[in-house]
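Shown next: run.cif, containing mmCIF, C-alpha atoms and all ligand atoms.
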data_final
#
loop_
_atom_site.group_PDB
_atom_site.id
_atom_site.type_symbol
_atom_site.label_atom_id
_atom_site.label_comp_id
_atom_site.auth_asym_id
_atom_site.auth_seq_id
_atom_site.Cartn_x
_atom_site.Cartn_y
_atom_site.Cartn_z
ATOM 1 C CA MET A 1 -26.674 33.574 8.741
ATOM 2 C CA PRO A 2 -28.920 31.216 6.700
ATOM 3 C CA SER A 3 -26.999 28.122 5.620
ATOM 4 C CA ASP A 4 -27.673 28.689 1.908
ATOM 5 C CA LEU A 5 -25.856 32.075 1.804
ATOM 6 C CA ARG A 6 -22.729 30.884 -0.037
ATOM 7 C CA PRO A 7 -19.710 32.749 1.349
ATOM 8 C CA ASP A 8 -17.887 32.627 -2.035
ATOM 9 C CA LEU A 9 -20.464 34.913 -3.727
ATOM 10 C CA PRO A 10 -20.616 38.734 -3.352
ATOM 11 C CA LEU A 11 -23.194 39.905 -0.776
ATOM 12 C CA GLY A 12 -25.702 41.174 -3.376
ATOM 13 C CA LEU A 13 -25.706 37.848 -5.239
ATOM 14 C CA ARG A 14 -25.916 35.883 -1.974
ATOM 15 C CA LEU A 15 -28.967 37.825 -0.862
ATOM 16 C CA ARG A 16 -30.555 37.371 -4.288
ATOM 17 C CA GLU A 17 -29.951 33.611 -4.061
ATOM 18 C CA TRP A 18 -31.411 33.543 -0.562
ATOM 19 C CA VAL A 19 -34.523 35.452 -1.623
ATOM 20 C CA LYS A 20 -34.875 33.131 -4.632
ATOM 21 C CA ASN A 21 -34.670 29.985 -2.507
ATOM 22 C CA ASN A 22 -36.629 31.081 0.553
ATOM 23 C CA THR A 23 -39.550 33.258 -0.509
ATOM 24 C CA SER A 24 -42.729 32.751 -2.507
ATOM 25 C CA PRO A 25 -42.794 34.028 -6.126
ATOM 26 C CA ALA A 26 -45.118 36.902 -5.134
ATOM 27 C CA VAL A 27 -42.818 38.097 -2.323
ATOM 28 C CA ARG A 28 -39.810 37.682 -4.620
ATOM 29 C CA ARG A 29 -41.390 39.857 -7.321
ATOM 30 C CA LEU A 30 -42.301 42.511 -4.765
ATOM 31 C CA LEU A 31 -38.787 42.605 -3.267
ATOM 32 C CA THR A 32 -37.131 42.581 -6.690
ATOM 33 C CA THR A 33 -39.289 45.451 -7.924
ATOM 34 C CA PHE A 34 -38.592 47.615 -4.869
ATOM 35 C CA TYR A 35 -34.903 46.700 -4.868
ATOM 36 C CA ARG A 36 -34.600 47.743 -8.511
ATOM 37 C CA LEU A 37 -36.623 50.908 -7.977
ATOM 38 C CA ALA A 38 -34.261 51.941 -5.236
ATOM 39 C CA SER A 39 -31.429 52.102 -7.772
ATOM 40 C CA PHE A 40 -30.582 55.627 -8.831
ATOM 41 C CA ASN A 41 -30.678 54.779 -12.550
ATOM 42 C CA GLU A 42 -34.125 53.230 -12.361
ATOM 43 C CA MET A 43 -35.531 56.152 -10.421
ATOM 44 C CA ARG A 44 -33.903 58.660 -12.759
ATOM 45 C CA SER A 45 -35.237 56.954 -15.886
ATOM 46 C CA ALA A 46 -38.787 56.840 -14.472
ATOM 47 C CA LEU A 47 -38.657 60.555 -13.639
ATOM 48 C CA LYS A 48 -37.147 61.371 -17.035
ATOM 49 C CA PHE A 49 -39.869 59.362 -18.757
ATOM 50 C CA ILE A 50 -42.556 61.278 -16.866
ATOM 51 C CA ALA A 51 -40.965 64.687 -17.416
ATOM 52 C CA GLN A 52 -40.568 64.344 -21.198
ATOM 53 C CA GLN A 53 -43.264 64.522 -23.846
ATOM 54 C CA HIS A 54 -42.783 61.581 -26.234
ATOM 55 C CA GLY A 55 -45.811 61.768 -28.525
ATOM 56 C CA ARG A 56 -49.368 62.953 -28.065
ATOM 57 C CA GLU A 57 -49.809 61.405 -24.609
ATOM 58 C CA THR A 58 -50.558 63.573 -21.567
ATOM 59 C CA PHE A 59 -48.498 63.985 -18.389
ATOM 60 C CA ARG A 60 -51.190 62.057 -16.553
ATOM 61 C CA GLN A 61 -50.940 59.163 -19.012
ATOM 62 C CA ARG A 62 -47.169 59.006 -18.530
ATOM 63 C CA CYS A 63 -47.589 58.845 -14.733
ATOM 64 C CA TRP A 64 -50.237 56.165 -15.184
ATOM 65 C CA LEU A 65 -47.932 54.138 -17.457
ATOM 66 C CA VAL A 66 -45.096 54.198 -14.915
ATOM 67 C CA LEU A 67 -47.385 53.074 -12.093
ATOM 68 C CA ARG A 68 -48.936 50.433 -14.294
ATOM 69 C CA THR A 69 -45.565 48.986 -15.354
ATOM 70 C CA LEU A 70 -44.643 48.673 -11.674
ATOM 71 C CA LYS A 71 -47.911 46.946 -10.901
ATOM 72 C CA ILE A 72 -47.265 44.481 -13.731
ATOM 73 C CA SER A 73 -43.733 43.746 -12.472
ATOM 74 C CA ILE A 74 -45.126 42.957 -9.027
ATOM 75 C CA ALA A 75 -47.826 40.681 -10.469
ATOM 76 C CA ILE A 76 -45.913 38.857 -13.207
ATOM 77 C CA ASP A 77 -42.412 37.329 -13.404
ATOM 78 C CA CYS A 78 -40.525 39.719 -15.660
ATOM 79 C CA ALA A 79 -37.054 39.376 -17.181
ATOM 80 C CA HIS A 80 -36.304 43.088 -17.613
ATOM 81 C CA ARG A 81 -35.837 46.362 -15.778
ATOM 82 C CA GLU A 82 -38.388 49.154 -15.795
ATOM 83 C CA SER A 83 -35.873 51.573 -17.337
ATOM 84 C CA GLU A 84 -35.502 49.297 -20.392
ATOM 85 C CA ILE A 85 -39.243 48.988 -20.846
ATOM 86 C CA LEU A 86 -39.791 52.745 -20.472
ATOM 87 C CA THR A 87 -37.194 53.390 -23.184
ATOM 88 C CA VAL A 88 -39.129 51.152 -25.575
ATOM 89 C CA ILE A 89 -42.483 52.621 -24.505
ATOM 90 C CA ALA A 90 -41.141 56.126 -25.185
ATOM 91 C CA SER A 91 -40.316 55.027 -28.748
ATOM 92 C CA ILE A 92 -43.790 53.538 -29.188
ATOM 93 C CA LEU A 93 -45.431 56.767 -28.012
ATOM 94 C CA ALA A 94 -43.122 58.800 -30.253
ATOM 95 C CA THR A 95 -44.092 56.977 -33.474
ATOM 96 C CA ASP A 96 -45.371 59.307 -36.181
ATOM 97 C CA PRO A 97 -49.191 58.937 -36.352
ATOM 98 C CA ALA A 98 -49.021 59.594 -40.106
ATOM 99 C CA GLN A 99 -46.739 56.594 -40.628
ATOM 100 C CA ASP A 100 -48.079 53.028 -40.680
ATOM 101 C CA GLY A 101 -46.366 50.374 -38.617
ATOM 102 C CA CYS A 102 -47.068 47.800 -35.948
ATOM 103 C CA ILE A 103 -45.211 47.026 -32.730
ATOM 104 C CA VAL A 104 -43.499 43.625 -32.435
ATOM 105 C CA GLU A 105 -42.288 41.747 -29.403
ATOM 106 C CA ALA A 106 -40.145 38.656 -30.058
ATOM 107 C CA GLY A 107 -39.738 36.699 -26.828
ATOM 108 C CA THR A 108 -42.411 37.235 -24.214
ATOM 109 C CA PHE A 109 -41.830 34.725 -21.341
ATOM 110 C CA LYS A 110 -44.860 35.254 -19.016
ATOM 111 C CA GLY A 111 -46.168 38.280 -20.942
ATOM 112 C CA GLY A 112 -44.983 41.008 -18.530
ATOM 113 C CA SER A 113 -43.200 43.107 -21.162
ATOM 114 C CA ALA A 114 -45.998 42.473 -23.680
ATOM 115 C CA ALA A 115 -48.631 43.647 -21.170
ATOM 116 C CA LYS A 116 -46.671 46.891 -20.742
ATOM 117 C CA TYR A 117 -46.199 47.404 -24.478
ATOM 118 C CA SER A 118 -49.876 46.690 -25.136
ATOM 119 C CA LEU A 119 -50.795 49.746 -23.023
ATOM 120 C CA ALA A 120 -48.436 51.975 -24.993
ATOM 121 C CA ALA A 121 -49.520 50.435 -28.310
ATOM 122 C CA ARG A 122 -53.115 51.236 -27.437
ATOM 123 C CA MET A 123 -52.216 54.858 -26.670
ATOM 124 C CA ALA A 124 -50.377 55.091 -29.991
ATOM 125 C CA SER A 125 -53.260 53.328 -31.825
ATOM 126 C CA ARG A 126 -51.034 50.494 -33.045
ATOM 127 C CA SER A 127 -51.250 46.713 -33.116
ATOM 128 C CA LEU A 128 -48.859 44.589 -31.089
ATOM 129 C CA TYR A 129 -47.631 41.264 -32.501
ATOM 130 C CA ILE A 130 -46.226 38.846 -29.925
ATOM 131 C CA PHE A 131 -43.983 36.078 -31.255
ATOM 132 C CA ASP A 132 -42.929 33.181 -29.055
ATOM 133 C CA SER A 133 -42.669 29.413 -28.976
ATOM 134 C CA PHE A 134 -44.615 29.581 -25.686
ATOM 135 C CA GLU A 135 -42.377 26.621 -24.783
ATOM 136 C CA GLY A 136 -39.275 28.552 -23.743
ATOM 137 C CA ILE A 137 -35.799 28.606 -25.244
ATOM 138 C CA PRO A 138 -35.274 26.082 -28.069
ATOM 139 C CA HIS A 139 -32.635 23.358 -28.152
ATOM 140 C CA HIS A 140 -29.298 24.978 -29.085
ATOM 141 C CA LEU A 141 -25.543 24.533 -29.005
ATOM 142 C CA GLU A 142 -24.539 28.068 -28.009
ATOM 143 C CA GLU A 143 -22.098 28.426 -25.146
ATOM 144 C CA HIS A 144 -22.919 31.542 -23.151
ATOM 145 C CA ALA A 145 -20.423 31.644 -20.301
ATOM 146 C CA THR A 146 -20.500 35.247 -19.094
ATOM 147 C CA THR A 147 -22.091 38.574 -19.989
ATOM 148 C CA ILE A 148 -20.050 41.559 -21.210
ATOM 149 C CA ASP A 149 -19.745 42.533 -17.525
ATOM 150 C CA GLY A 150 -18.362 39.135 -16.575
ATOM 151 C CA ALA A 151 -21.500 37.885 -14.779
ATOM 152 C CA PRO A 152 -22.176 34.156 -15.263
ATOM 153 C CA THR A 153 -24.949 33.356 -17.732
ATOM 154 C CA GLY A 154 -26.346 30.471 -19.764
ATOM 155 C CA PHE A 155 -29.606 29.194 -21.219
ATOM 156 C CA SER A 156 -31.077 25.716 -21.237
ATOM 157 C CA GLU A 157 -33.771 24.337 -23.458
ATOM 158 C CA GLY A 158 -37.180 25.216 -21.969
ATOM 159 C CA ASP A 159 -35.929 28.194 -19.903
ATOM 160 C CA TYR A 160 -38.322 31.160 -19.754
ATOM 161 C CA ALA A 161 -41.343 29.093 -20.730
ATOM 162 C CA GLY A 162 -44.743 30.742 -20.457
ATOM 163 C CA SER A 163 -47.790 29.164 -22.083
ATOM 164 C CA LEU A 164 -50.002 31.067 -24.522
ATOM 165 C CA ASP A 165 -52.852 30.856 -21.970
ATOM 166 C CA GLU A 166 -50.680 32.312 -19.207
ATOM 167 C CA VAL A 167 -49.553 35.183 -21.424
ATOM 168 C CA ARG A 168 -53.043 35.894 -22.707
ATOM 169 C CA ASP A 169 -54.387 35.911 -19.112
ATOM 170 C CA ALA A 170 -51.622 38.242 -17.946
ATOM 171 C CA ILE A 171 -52.321 40.737 -20.722
ATOM 172 C CA THR A 172 -56.073 40.527 -20.249
ATOM 173 C CA ARG A 173 -55.638 41.338 -16.569
ATOM 174 C CA TYR A 174 -52.937 43.964 -16.679
ATOM 175 C CA GLY A 175 -52.513 45.151 -20.275
ATOM 176 C CA ASP A 176 -54.757 45.749 -23.259
ATOM 177 C CA ILE A 177 -55.600 42.526 -25.070
ATOM 178 C CA SER A 178 -57.559 44.358 -27.787
ATOM 179 C CA VAL A 179 -54.366 45.400 -29.634
ATOM 180 C CA CYS A 180 -52.603 42.012 -29.334
ATOM 181 C CA ASN A 181 -51.953 39.340 -31.951
ATOM 182 C CA PHE A 182 -50.204 36.144 -30.869
ATOM 183 C CA VAL A 183 -47.916 34.210 -33.199
ATOM 184 C CA LYS A 184 -47.025 30.860 -31.681
ATOM 185 C CA GLY A 185 -44.098 28.747 -32.876
ATOM 186 C CA TRP A 186 -40.346 28.815 -33.509
ATOM 187 C CA PHE A 187 -39.240 32.057 -35.110
ATOM 188 C CA ASP A 188 -37.718 30.165 -38.065
ATOM 189 C CA ASP A 189 -41.209 28.848 -38.877
ATOM 190 C CA THR A 190 -43.395 31.848 -38.053
ATOM 191 C CA MET A 191 -41.467 35.005 -38.904
ATOM 192 C CA PRO A 192 -40.737 34.560 -42.619
ATOM 193 C CA ALA A 193 -44.495 34.814 -43.344
ATOM 194 C CA PHE A 194 -44.810 38.099 -41.460
ATOM 195 C CA HIS A 195 -44.925 41.183 -43.709
ATOM 196 C CA PRO A 196 -46.600 44.278 -42.161
ATOM 197 C CA PRO A 197 -44.484 47.420 -41.749
ATOM 198 C CA VAL A 198 -42.846 47.560 -38.328
ATOM 199 C CA ALA A 199 -42.526 50.811 -36.351
ATOM 200 C CA VAL A 200 -40.911 49.447 -33.175
ATOM 201 C CA ALA A 201 -39.641 45.940 -32.475
ATOM 202 C CA TYR A 202 -38.313 44.520 -29.234
ATOM 203 C CA ILE A 203 -36.205 41.377 -29.482
ATOM 204 C CA ASP A 204 -35.610 39.597 -26.175
ATOM 205 C CA VAL A 205 -34.663 36.067 -27.111
ATOM 206 C CA ASP A 206 -31.337 35.258 -25.372
ATOM 207 C CA LEU A 207 -29.835 33.257 -28.222
ATOM 208 C CA ALA A 208 -27.657 34.527 -31.063
ATOM 209 C CA SER A 209 -29.427 32.150 -33.471
ATOM 210 C CA SER A 210 -32.869 33.476 -32.489
ATOM 211 C CA THR A 211 -31.616 37.070 -32.753
ATOM 212 C CA ARG A 212 -30.351 36.382 -36.292
ATOM 213 C CA THR A 213 -33.738 35.035 -37.386
ATOM 214 C CA CYS A 214 -35.583 37.992 -35.870
ATOM 215 C CA LEU A 215 -33.285 40.529 -37.532
ATOM 216 C CA ARG A 216 -33.401 38.741 -40.902
ATOM 217 C CA CYS A 217 -37.208 38.862 -40.856
ATOM 218 C CA LEU A 218 -37.908 42.157 -39.077
ATOM 219 C CA TYR A 219 -35.190 44.559 -40.218
ATOM 220 C CA PRO A 220 -36.450 44.655 -43.853
ATOM 221 C CA LEU A 221 -39.944 45.522 -42.522
ATOM 222 C CA LEU A 222 -38.756 48.472 -40.456
ATOM 223 C CA VAL A 223 -40.286 51.825 -41.493
ATOM 224 C CA ALA A 224 -37.941 54.729 -42.286
ATOM 225 C CA ASP A 225 -37.804 56.135 -38.749
ATOM 226 C CA GLY A 226 -38.422 52.798 -37.040
ATOM 227 C CA VAL A 227 -36.253 51.169 -34.400
ATOM 228 C CA ILE A 228 -35.468 47.628 -33.323
ATOM 229 C CA TYR A 229 -34.343 47.104 -29.742
ATOM 230 C CA SER A 230 -32.386 44.066 -28.687
ATOM 231 C CA GLN A 231 -32.535 43.333 -24.975
ATOM 232 C CA ASP A 232 -29.612 40.943 -25.352
ATOM 233 C CA GLY A 233 -26.763 43.417 -25.856
ATOM 234 C CA HIS A 234 -25.080 42.062 -22.711
ATOM 235 C CA LEU A 235 -24.478 38.674 -24.356
ATOM 236 C CA PRO A 236 -21.171 38.438 -26.245
ATOM 237 C CA LEU A 237 -22.555 35.977 -28.840
ATOM 238 C CA VAL A 238 -25.396 38.395 -29.655
ATOM 239 C CA VAL A 239 -22.969 41.332 -29.800
ATOM 240 C CA ASP A 240 -20.903 39.311 -32.310
ATOM 241 C CA VAL A 241 -23.964 38.951 -34.559
ATOM 242 C CA LEU A 242 -24.815 42.658 -34.336
ATOM 243 C CA ARG A 243 -21.195 43.642 -35.050
ATOM 244 C CA ASN A 244 -20.777 41.256 -37.962
ATOM 245 C CA ALA A 245 -20.782 43.307 -41.181
ATOM 246 C CA ASN A 246 -21.064 40.088 -43.240
ATOM 247 C CA PHE A 247 -24.254 39.102 -41.432
ATOM 248 C CA TRP A 248 -25.855 42.412 -42.446
ATOM 249 C CA SER A 249 -24.554 42.412 -46.018
ATOM 250 C CA ASP A 250 -24.987 38.695 -46.838
ATOM 251 C CA GLU A 251 -28.143 37.799 -44.933
ATOM 252 C CA ILE A 252 -30.070 41.086 -44.888
ATOM 253 C CA LYS A 253 -28.495 42.780 -47.929
ATOM 254 C CA VAL A 254 -27.869 46.099 -46.206
ATOM 255 C CA LEU A 255 -24.871 47.919 -44.847
ATOM 256 C CA ALA A 256 -24.449 47.382 -41.114
ATOM 257 C CA PRO A 257 -26.822 49.891 -39.463
ATOM 258 C CA SER A 258 -25.967 52.200 -36.605
ATOM 259 C CA ILE A 259 -26.502 50.473 -33.279
ATOM 260 C CA HIS A 260 -26.633 52.599 -30.145
ATOM 261 C CA GLY A 261 -25.107 51.145 -26.997
ATOM 262 C CA LEU A 262 -23.506 48.156 -28.723
ATOM 263 C CA GLY A 263 -20.958 46.447 -26.473
ATOM 264 C CA ILE A 264 -21.863 48.776 -23.590
ATOM 265 C CA ARG A 265 -25.526 48.302 -22.731
ATOM 266 C CA LYS A 266 -28.017 45.473 -22.384
ATOM 267 C CA LEU A 267 -30.716 47.303 -24.350
ATOM 268 C CA VAL A 268 -29.308 48.351 -27.727
ATOM 269 C CA ALA A 269 -31.162 50.309 -30.426
ATOM 270 C CA ILE A 270 -30.838 49.482 -34.122
ATOM 271 C CA TYR A 271 -31.857 52.134 -36.657
ATOM 272 C CA ARG A 272 -32.279 51.922 -40.423
ATOM 273 C CA ASN A 273 -29.494 53.502 -42.343
ATOM 274 C CA ASP A 274 -30.207 52.505 -45.916
ATOM 275 C CA PRO A 275 -31.975 54.926 -48.262
ATOM 276 C CA GLN A 276 -35.720 54.133 -48.590
HETATM 277 C C1 LIG B 301 -35.898 36.169 -21.779
HETATM 278 S S1 LIG B 301 -37.386 35.509 -22.336
HETATM 279 C C2 LIG B 301 -38.337 36.969 -22.727
HETATM 280 C C3 LIG B 301 -38.539 37.856 -21.537
HETATM 281 C C4 LIG B 301 -39.668 38.864 -21.658
HETATM 282 N N1 LIG B 301 -39.504 39.727 -22.807
HETATM 283 C C5 LIG B 301 -39.703 39.728 -20.404
HETATM 284 O O1 LIG B 301 -39.189 40.849 -20.455
HETATM 285 O O2 LIG B 301 -40.220 39.263 -19.377
HETATM 286 C C6 LIG B 301 -36.968 34.839 -23.920
HETATM 287 C C7 LIG B 301 -38.141 34.314 -24.721
HETATM 288 O O3 LIG B 301 -37.712 34.043 -26.051
HETATM 289 C C8 LIG B 301 -38.411 32.909 -26.536
HETATM 290 N N2 LIG B 301 -37.593 32.344 -27.647
HETATM 291 C C9 LIG B 301 -36.233 32.330 -27.739
HETATM 292 N N3 LIG B 301 -35.850 31.794 -28.910
HETATM 293 C C10 LIG B 301 -36.988 31.473 -29.589
HETATM 294 C C11 LIG B 301 -37.242 30.921 -30.878
HETATM 295 N N4 LIG B 301 -36.239 30.571 -31.714
HETATM 296 N N5 LIG B 301 -38.515 30.770 -31.274
HETATM 297 C C12 LIG B 301 -39.551 31.120 -30.445
HETATM 298 N N6 LIG B 301 -39.376 31.644 -29.200
HETATM 299 C C13 LIG B 301 -38.105 31.834 -28.785
HETATM 300 C C14 LIG B 301 -38.570 32.012 -25.325
HETATM 301 O O4 LIG B 301 -39.679 31.154 -25.464
HETATM 302 C C15 LIG B 301 -38.767 33.043 -24.191
HETATM 303 O O5 LIG B 301 -40.147 33.277 -23.956
#

Using structure tokens, write down the structure that the file contains.
Ligand SMILES: C[S@@+](CC[C@H](N)C(=O)[O-])C[C@H]1O[C@@H](n2cnc3c(N)ncnc32)[C@H](O)[C@@H]1O
Amino acid sequence: MPSDLRPDLPLGLRLREWVKNNTSPAVRRLLTTFYRLASFNEMRSALKFIAQQHGRETFRQRCWLVLRTLKISIAIDCAHRESEILTVIASILATDPAQDGCIVEAGTFKGGSAAKYSLAARMASRSLYIFDSFEGIPHHLEEHATTIDGAPTGFSEGDYAGSLDEVRDAITRYGDISVCNFVKGWFDDTMPAFHPPVAVAYIDVDLASSTRTCLRCLYPLLVADGVIYSQDGHLPLVVDVLRNANFWSDEIKVLAPSIHGLGIRKLVAIYRNDPQ
């Protein structure tokens, strides 16, 4: 047994640690992608995505999207599962062509999720706005000890850094750069000046403070049948923000909206509930 397989960790975590410490990034991405694909849920969600019509896309385009998302996961370090991305892509494809609205990603890391969304945005004839510091997680004082499932977690300043050049290159290679707009900087500085209607937003920012800023700025821009996904529904501090009726009423001036999967899933969906 390799010496760095710590006996105190469960086997799955030990193997993950070993792969992390002993393989090149390319091999790691390949193994991670195939390991995840082998899970029943991942396989089922890919098949469900392919079997269902979401918008005006063809069966062939859905198959192509699934294969393309896998290719991107193998090529680029990604901090998500395919099933989560396909859920968001289905919403992008399902947007009403008669209704204005862009797609927003807040938190892009190396651009893997953005590359995937750019392909769907192109099919739905929509622009994709990508917000990030491109310097990783900001300085913060939040104490994230465990996820809602009890797994250890935590974020340090600079984690998940991907430069604007890296992200742009990744999307040029694997996505569709023609629909992308990059907004570089801390959300507190960049988002308040953003005003276009939003059809689908994806917030993947790890911190409760960053989530608050994104919701404060993006929720009022959401079109009537729009949706905001948070990829951070597994983090208790983020769940607290989403559950906090005072946050919605005092900071966004709306009643707390309905949030699917809150407290249960990592990817939660936030819908508008106020009359337009
Ligand atoms: C987990 S990563 C995103 C992962 C990516 N969506 C993926 O699926 O591969 C979180 C990102 O949020 C960004 N971020 C977090 N808080 C931020 C803030 N306040 N302002 C700007 N960027 C922020 C970080 O720079 C980082 O790129």

Open item on the list: To test your reading of the syntax: which residues would the PyMOL selection byres (((not hetatm)) within 7 of (chain B and resi 301)) return for the file shown? Reply as a PyMOL selection string.
Closed with: chain A and resi 77-80+106-113+131-138+160-162+185-188+204-207+210

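Interatomic distance, CA of Arg122 in chain A to CA of Leu218 in chain A: 21.2 Å.
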
TODO: Determine the residue set returned by the PyMOL selection byres (((chain A and resi 143-147) around 12) and not hetatm) for the present structure, and present it as a PyMOL selection string.
DONE: chain A and resi 140-142+148-156+206-209+232-239+263-266

Task: Top pick for closest residue to Ser91 in chain A, considering A:Ile103, A:Leu67, A:Leu255, A:Leu15 and counting all atoms listed in the file - done: A:Ile103

Got a sec to resolve the PyMOL selection byres (((chain A and resi 93) around 12) and not hetatm) on this structure and send the residues as a PDB file with C-alpha atoms, in the frame of the given file?
ATOM      1  CA  PHE A  49     -39.869  59.362 -18.757  1.00  0.00           C
ATOM      2  CA  GLN A  52     -40.568  64.344 -21.198  1.00  0.00           C
ATOM      3  CA  GLN A  53     -43.264  64.522 -23.846  1.00  0.00           C
ATOM      4  CA  HIS A  54     -42.783  61.581 -26.234  1.00  0.00           C
ATOM      5  CA  GLY A  55     -45.811  61.768 -28.525  1.00  0.00           C
ATOM      6  CA  ARG A  56     -49.368  62.953 -28.065  1.00  0.00           C
ATOM      7  CA  GLU A  57     -49.809  61.405 -24.609  1.00  0.00           C
ATOM      8  CA  THR A  58     -50.558  63.573 -21.567  1.00  0.00           C
ATOM      9  CA  GLN A  61     -50.940  59.163 -19.012  1.00  0.00           C
ATOM     10  CA  ARG A  62     -47.169  59.006 -18.530  1.00  0.00           C
ATOM     11  CA  LEU A  65     -47.932  54.138 -17.457  1.00  0.00           C
ATOM     12  CA  LEU A  86     -39.791  52.745 -20.472  1.00  0.00           C
ATOM     13  CA  THR A  87     -37.194  53.390 -23.184  1.00  0.00           C
ATOM     14  CA  VAL A  88     -39.129  51.152 -25.575  1.00  0.00           C
ATOM     15  CA  ILE A  89     -42.483  52.621 -24.505  1.00  0.00           C
ATOM     16  CA  ALA A  90     -41.141  56.126 -25.185  1.00  0.00           C
ATOM     17  CA  SER A  91     -40.316  55.027 -28.748  1.00  0.00           C
ATOM     18  CA  ILE A  92     -43.790  53.538 -29.188  1.00  0.00           C
ATOM     19  CA  ALA A  94     -43.122  58.800 -30.253  1.00  0.00           C
ATOM     20  CA  THR A  95     -44.092  56.977 -33.474  1.00  0.00           C
ATOM     21  CA  ASP A  96     -45.371  59.307 -36.181  1.00  0.00           C
ATOM     22  CA  PRO A  97     -49.191  58.937 -36.352  1.00  0.00           C
ATOM     23  CA  ILE A 103     -45.211  47.026 -32.730  1.00  0.00           C
ATOM     24  CA  TYR A 117     -46.199  47.404 -24.478  1.00  0.00           C
ATOM     25  CA  SER A 118     -49.876  46.690 -25.136  1.00  0.00           C
ATOM     26  CA  LEU A 119     -50.795  49.746 -23.023  1.00  0.00           C
ATOM     27  CA  ALA A 120     -48.436  51.975 -24.993  1.00  0.00           C
ATOM     28  CA  ALA A 121     -49.520  50.435 -28.310  1.00  0.00           C
ATOM     29  CA  ARG A 122     -53.115  51.236 -27.437  1.00  0.00           C
ATOM     30  CA  MET A 123     -52.216  54.858 -26.670  1.00  0.00           C
ATOM     31  CA  ALA A 124     -50.377  55.091 -29.991  1.00  0.00           C
ATOM     32  CA  SER A 125     -53.260  53.328 -31.825  1.00  0.00           C
ATOM     33  CA  ARG A 126     -51.034  50.494 -33.045  1.00  0.00           C
ATOM     34  CA  ALA A 199     -42.526  50.811 -36.351  1.00  0.00           C
ATOM     35  CA  VAL A 200     -40.911  49.447 -33.175  1.00  0.00           C
TER      36      VAL A 200
END

Task: A:Asp100, A:Glu17, A:Glu42, A:Asp176 ranked by distance to Pro196 in chain A, top pick (using only C-alpha atoms) - done: A:Asp100

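Take CA of Ala256 in chain A and CA of Phe194 in chain A: the distance between them is 22.4 Å.
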
Can you tell me, as an mmCIF file with C-alpha atoms, keeping the file's coordinate frame, what residues are no more than 12 Å from Arg81 in chain A when counting all atoms listed in the file, ignoring any on the same chain fewer than 6 positions away?
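Dumped to result-v8.cif:
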data_model
loop_
_atom_site.group_PDB
_atom_site.id
_atom_site.type_symbol
_atom_site.label_atom_id
_atom_site.label_comp_id
_atom_site.auth_asym_id
_atom_site.auth_seq_id
_atom_site.Cartn_x
_atom_site.Cartn_y
_atom_site.Cartn_z
ATOM 1 C CA THR A 32 -37.131 42.581 -6.690
ATOM 2 C CA THR A 33 -39.289 45.451 -7.924
ATOM 3 C CA PHE A 34 -38.592 47.615 -4.869
ATOM 4 C CA TYR A 35 -34.903 46.700 -4.868
ATOM 5 C CA ARG A 36 -34.600 47.743 -8.511
ATOM 6 C CA LEU A 37 -36.623 50.908 -7.977
ATOM 7 C CA SER A 39 -31.429 52.102 -7.772
ATOM 8 C CA ASN A 41 -30.678 54.779 -12.550
ATOM 9 C CA GLU A 42 -34.125 53.230 -12.361
ATOM 10 C CA MET A 43 -35.531 56.152 -10.421
ATOM 11 C CA SER A 45 -35.237 56.954 -15.886
ATOM 12 C CA ALA A 46 -38.787 56.840 -14.472
ATOM 13 C CA THR A 69 -45.565 48.986 -15.354
ATOM 14 C CA LEU A 70 -44.643 48.673 -11.674
ATOM 15 C CA ILE A 72 -47.265 44.481 -13.731
ATOM 16 C CA SER A 73 -43.733 43.746 -12.472
ATOM 17 C CA ILE A 74 -45.126 42.957 -9.027
ATOM 18 C CA THR A 87 -37.194 53.390 -23.184
ATOM 19 C CA VAL A 88 -39.129 51.152 -25.575
ATOM 20 C CA GLY A 112 -44.983 41.008 -18.530
ATOM 21 C CA SER A 113 -43.200 43.107 -21.162
ATOM 22 C CA LYS A 116 -46.671 46.891 -20.742
ATOM 23 C CA GLN A 231 -32.535 43.333 -24.975
ATOM 24 C CA LYS A 266 -28.017 45.473 -22.384
ATOM 25 C CA LEU A 267 -30.716 47.303 -24.350
#
